[in-house]
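Quick look at target.txt (compact mmCIF, C-alpha atoms):
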# COMPACT_ATOMS: atom_id res chain seq x y z
CA MET A 15 -13.55 1.25 15.34
CA PHE A 16 -12.15 0.14 11.97
CA ASP A 17 -15.35 -1.51 10.68
CA ASN A 18 -15.63 0.90 7.75
CA LEU A 19 -12.04 0.34 6.68
CA LYS A 20 -11.65 -0.86 3.11
CA ILE A 21 -8.90 -1.42 0.58
CA ILE A 22 -8.42 1.70 -1.52
CA HIS A 23 -7.61 1.43 -5.22
CA TYR A 24 -5.36 3.05 -7.80
CA PRO A 25 -5.16 5.97 -8.55
CA ASP A 26 -6.21 7.12 -5.06
CA PRO A 27 -3.56 9.74 -4.15
CA ARG A 28 -3.29 8.36 -0.61
CA LEU A 29 -1.44 5.37 -2.06
CA LYS A 30 1.40 7.65 -3.18
CA GLN A 31 2.10 9.21 0.23
CA PRO A 32 5.14 8.10 2.24
CA SER A 33 4.04 6.73 5.63
CA ALA A 34 4.91 7.96 9.10
CA PRO A 35 6.51 5.69 11.71
CA VAL A 36 4.24 4.02 14.25
CA ALA A 37 4.75 5.70 17.62
CA GLU A 38 2.37 3.74 19.87
CA PHE A 39 1.81 0.02 20.21
CA ASN A 40 -1.70 0.04 21.64
CA GLU A 41 -5.20 -1.39 21.32
CA ASN A 42 -5.97 0.82 18.29
CA LEU A 43 -3.01 -0.69 16.46
CA ARG A 44 -4.16 -4.21 17.37
CA GLN A 45 -7.69 -3.48 16.12
CA LEU A 46 -6.32 -2.03 12.89
CA VAL A 47 -4.20 -5.12 12.29
CA ALA A 48 -7.12 -7.46 13.00
CA ARG A 49 -9.27 -5.60 10.46
CA MET A 50 -6.44 -5.62 7.91
CA PHE A 51 -6.18 -9.42 8.18
CA GLU A 52 -9.95 -9.67 7.57
CA LEU A 53 -9.71 -7.48 4.48
CA MET A 54 -6.63 -9.29 3.15
CA ARG A 55 -8.34 -12.67 3.50
CA GLN A 56 -11.58 -11.43 1.89
CA ALA A 57 -9.54 -10.18 -1.09
CA LYS A 58 -7.52 -13.43 -1.21
CA GLY A 59 -4.23 -11.57 -0.83
CA VAL A 60 -0.95 -12.53 0.81
CA GLY A 61 0.04 -9.08 2.08
CA LEU A 62 -1.50 -5.72 2.90
CA ALA A 63 0.13 -2.45 3.90
CA ALA A 64 -1.55 0.17 6.08
CA PRO A 65 -1.56 2.78 3.27
CA GLN A 66 -3.74 0.40 1.25
CA VAL A 67 -6.47 0.92 3.83
CA ALA A 68 -5.85 4.69 3.98
CA GLN A 69 -3.82 4.51 7.19
CA ASN A 70 -0.62 6.45 6.63
CA ILE A 71 1.64 4.50 9.00
CA ARG A 72 4.63 2.19 8.51
CA LEU A 73 2.96 -1.17 9.05
CA PHE A 74 2.22 -4.18 6.90
CA ILE A 75 0.84 -7.65 7.41
CA LEU A 76 1.32 -10.85 5.47
CA ASN A 77 0.52 -14.50 5.31
CA ALA A 78 2.35 -16.39 2.58
CA THR A 79 0.65 -19.76 3.22
CA GLY A 80 -2.95 -18.94 4.12
CA GLN A 81 -2.58 -20.80 7.43
CA PRO A 82 -3.63 -18.65 10.45
CA GLU A 83 -0.48 -19.58 12.37
CA ASP A 84 1.57 -17.91 9.59
CA ASP A 85 0.05 -14.43 10.10
CA ARG A 86 2.88 -11.89 10.38
CA VAL A 87 2.90 -8.21 11.38
CA TYR A 88 5.80 -5.86 10.63
CA VAL A 89 5.80 -2.42 12.25
CA ASN A 90 8.34 0.23 11.21
CA PRO A 91 10.23 -2.22 8.96
CA PHE A 92 13.69 -1.68 7.54
CA LEU A 93 15.01 -3.81 4.66
CA SER A 94 18.72 -4.48 4.16
CA GLU A 95 21.31 -6.98 2.92
CA ALA A 96 19.62 -7.36 -0.46
CA GLU A 97 21.30 -9.97 -2.65
CA GLY A 98 20.63 -11.31 -6.13
CA ASP A 99 17.81 -10.47 -8.50
CA GLU A 100 14.77 -12.47 -9.45
CA GLU A 101 11.91 -11.61 -11.77
CA ALA A 102 8.42 -12.92 -11.04
CA GLU A 103 4.79 -12.03 -11.54
CA GLU A 104 3.07 -9.82 -8.96
CA GLY A 105 -0.40 -8.49 -8.42
CA CYS A 106 -1.70 -5.91 -5.97
CA LEU A 107 -4.93 -5.66 -3.98
CA SER A 108 -4.98 -1.91 -4.69
CA ILE A 109 -4.76 -2.45 -8.45
CA PRO A 110 -7.31 -5.22 -9.10
CA GLY A 111 -6.70 -7.17 -12.30
CA LEU A 112 -3.07 -6.08 -12.74
CA SER A 113 -0.42 -8.77 -12.96
CA VAL A 114 3.09 -7.85 -14.11
CA ASN A 115 6.62 -9.18 -13.93
CA VAL A 116 8.76 -7.30 -11.43
CA SER A 117 12.44 -7.70 -10.62
CA ARG A 118 13.13 -7.90 -6.88
CA SER A 119 16.03 -8.86 -4.65
CA LYS A 120 16.21 -12.61 -4.14
CA HIS A 121 17.54 -12.56 -0.55
CA LEU A 122 16.77 -9.96 2.10
CA ARG A 123 16.91 -9.06 5.78
CA ILE A 124 14.07 -7.32 7.59
CA GLN A 125 14.26 -5.55 10.91
CA ALA A 126 10.99 -4.38 12.41
CA HIS A 127 8.78 -4.69 15.47
CA ASP A 128 5.86 -6.99 16.14
CA LEU A 129 2.45 -5.87 17.38
CA GLN A 130 3.68 -5.70 20.99
CA GLY A 131 6.74 -3.63 20.06
CA ASN A 132 9.22 -6.51 20.32
CA PRO A 133 12.09 -6.44 17.80
CA ILE A 134 12.03 -8.70 14.73
CA ASP A 135 15.18 -9.57 12.80
CA GLN A 136 14.70 -12.10 9.99
CA LYS A 137 16.21 -13.14 6.70
CA ALA A 138 14.28 -14.66 3.80
CA SER A 139 14.59 -15.64 0.16
CA GLY A 140 12.22 -15.95 -2.75
CA TYR A 141 8.49 -15.50 -2.22
CA LEU A 142 8.62 -14.16 1.35
CA ALA A 143 11.36 -11.66 0.45
CA ARG A 144 9.25 -10.57 -2.55
CA ILE A 145 6.20 -9.94 -0.34
CA TRP A 146 8.33 -7.89 2.09
CA GLN A 147 9.58 -5.73 -0.78
CA HIS A 148 6.13 -5.26 -2.34
CA GLU A 149 4.56 -4.19 0.97
CA PHE A 150 7.58 -2.05 1.91
CA ASP A 151 7.12 -0.22 -1.41
CA HIS A 152 3.59 0.74 -0.30
CA LEU A 153 5.02 2.35 2.86
CA ASN A 154 7.13 4.60 0.63
CA GLY A 155 4.30 5.48 -1.77
CA THR A 156 5.61 3.21 -4.54
CA LEU A 157 3.11 1.17 -6.55
CA LEU A 158 3.48 -1.63 -9.09
CA THR A 159 2.73 0.97 -11.76
CA ASP A 160 6.00 2.66 -10.75
CA ARG A 161 7.91 -0.60 -11.24
CA MET A 162 6.39 -1.39 -14.65
CA GLY A 163 8.46 -1.06 -17.79
CA PRO A 164 7.16 0.62 -20.97
CA VAL A 165 5.89 -2.66 -22.47
CA ALA A 166 3.92 -3.54 -19.32
CA LYS A 167 2.48 -0.01 -19.17
CA LEU A 168 1.38 -0.30 -22.78
CA ALA A 169 -0.08 -3.78 -22.24
CA ASN A 170 -2.04 -2.62 -19.19
CA ARG A 171 -3.07 0.87 -20.31
CA ARG A 172 -6.72 -0.12 -20.76
CA LEU A 173 -7.02 -1.59 -17.26
CA LEU A 174 -5.29 1.43 -15.70
CA ARG A 175 -7.50 3.84 -17.66
CA GLU A 176 -10.62 1.95 -16.48
CA LEU A 177 -9.45 2.17 -12.86
CA GLU A 178 -8.72 5.89 -13.32
CA GLU A 179 -12.19 6.49 -14.81
CA LYS A 180 -13.87 4.53 -12.02
CA TYR A 181 -11.98 6.51 -9.39
CA ALA A 182 -12.88 9.81 -11.10
CA SER A 183 -16.57 8.88 -11.21
CA GLU A 184 -16.56 7.93 -7.51
CA HIS A 185 -14.54 11.00 -6.47
CA PRO A 186 -15.71 13.97 -8.53
CA ALA A 187 -13.37 16.93 -8.30
CA SER A 188 -14.61 19.83 -6.21
CA PRO A 189 -15.97 22.66 -8.31
CA PRO A 190 -13.55 25.57 -8.66
CA LYS A 191 -14.10 28.34 -6.14
CA LYS A 192 -15.58 31.54 -7.48
CA PRO A 193 -13.66 34.73 -6.74
CA PRO A 194 -15.25 36.84 -4.00
CA LEU A 195 -17.73 39.45 -5.20
CA LYS A 196 -16.45 42.98 -5.08
CA ASP A 197 -18.40 45.44 -3.03
CA LYS A 198 -19.80 47.88 -5.59
CA ARG A 199 -19.93 50.57 -2.92
CA ALA A 200 -16.17 50.42 -2.40
CA LYS A 201 -14.33 53.39 -3.87
CA SER A 202 -11.80 52.65 -6.59
CA ARG A 203 -8.33 53.97 -6.07

In structure tokens, write the structure found in this file.
Amino acid sequence: MFDNLKIIHYPDPRLKQPSAPVAEFNENLRQLVARMFELMRQAKGVGLAAPQVAQNIRLFILNATGQPEDDRVYVNPFLSEAEGDEEAEEGCLSIPGLSVNVSRSKHLRIQAHDLQGNPIDQKASGYLARIWQHEFDHLNGTLLTDRMGPVAKLANRRLLRELEEKYASEHPASPPKKPPLKDKRAKSR
């Protein structure tokens, strides 16, 4: 069902859309998550949000270690109890080649549901908390480009322009619609 799913790239406008809550915990959701883990592993990532595969729902997956037993699914997550600040380098599977320093909360609490709809309530620090925040940003339509300062934007302008040009060449704009022809037989008023 989700065989054709792929990771979409900046500046695809679907990445900027806030996501809707997941309403049903069913087989479709399980198949989507399974395909997302395949795509994340193929891309050598540690996290992937549903909007990154053009699914506009509040769901993300992660695996901070690469070990299959550490696969995690967070449905309808809510982040709270943010403490401290820490700056570190981040990349994004939807912006290939980009790596920038981003300030994030050091400690965090997440409340969500697992794939069966059971509640999750966890706290984390450091790397795991950073992944939560990065993926949560995707659910709200926020990208790394939105978190970049002016120096980082300047330093990465060429890469971003190349991604924009590639997207434009793969997604040509629809030609403008011509106005309807007037019926010459119609009487003018």

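You will find CA of Arg161 (chain A) at 20.0 Å from CA of Ser139 (chain A).
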
Point out the residue among A:Leu93, A:Leu76, A:Leu112, A:Leu107 with the least atom-to-atom distance to Leu173 (chain A), counting only C-alpha atoms.
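For Leu173 (chain A), the nearest of the given residues is A:Leu112.
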
Could you pull out every residue with an atom within 9 Å of (12.2, -15.7, -10.0), file coordinates, counting all atoms listed in the file, and send them as a list in words?
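Counting all atoms listed in the file, I find these residues within 9 Å of (12.2, -15.7, -10.0): Asp99, Glu100, Glu101, Ala102, Glu103, Ser117, Arg118, Lys120, Gly140 and Tyr141 of chain A.
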
Nearest to Ala34 (chain A): which of A:Leu19, A:Val89, A:Met162, A:Ile134 is it, counting all atoms listed in the file?
A:Val89

Could you tell me which of A:Glu52, A:Asp26, A:Glu97, A:Glu41 comes closest to Lys137 (chain A) if we count only C-alpha atoms?
A:Glu97

Nearest candidate to Leu177 (chain A) (options A:Ala48, A:Ile22, A:Val36, A:Ala57; using all atoms listed in the file)
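Under the stated criterion, the closest residue is A:Ile22.
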
For CA of Ala182 (chain A) and CA of Met50 (chain A), the interatomic separation in Å (one decimal)
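The value is 25.3 Å.
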
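Between Glu179 (chain A) and the candidates A:Gly98, A:Ala37, A:Tyr24, A:Phe16, the tightest atom-to-atom separation, counting only C-alpha atoms, involves A:Tyr24.
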
Hey, can you pull every residue with an atom no more than 7 Å from (4.9, -10.2, -15.2), using all atoms listed in the file, and send it as a list of chain:residue names?
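Neighbouring residues, ordered by chain and number, come to A:Ala102, A:Glu103, A:Glu104, A:Ser113, A:Val114, A:Asn115, A:Val116.
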
Sorted by chain and rising residue number, list the residues of region 56-78 of chain A at most 8 Å from region 142-156 of chain A (counting all atoms listed in the file), each with its closest atom pair and distance in Å to one decimal, as a tab-separated table.
residue	atom	partner	partner_atom	distance
A:Val60	CA	A:Ile145	CA	7.7
A:Gly61	CA	A:Ile145	CA	6.7
A:Leu62	CA	A:Glu149	CA	6.5
A:Ala63	CA	A:Glu149	CA	5.6
A:Ala64	CA	A:Leu153	CA	7.6
A:Pro65	CA	A:His152	CA	6.6
A:Gln66	CA	A:His152	CA	7.5
A:Asn70	CA	A:Leu153	CA	7.9
A:Ile71	CA	A:Leu153	CA	7.3
A:Arg72	CA	A:Leu153	CA	5.7
A:Leu73	CA	A:Leu153	CA	7.4
A:Phe74	CA	A:Glu149	CA	6.4
A:Leu76	CA	A:Ile145	CA	7.6
A:Ala78	CA	A:Leu142	CA	6.8

For each of A:Ser94, A:Leu46, A:Lys20, A:Gln81, take the minimum atom-to-atom distance to Ala138 (chain A), counting all atoms listed in the file, then give the residue where this is smallest.
A:Ser94

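When CA of Ala169 (chain A) is paired with CA of Ile109 (chain A), their separation reads 14.6 Å.
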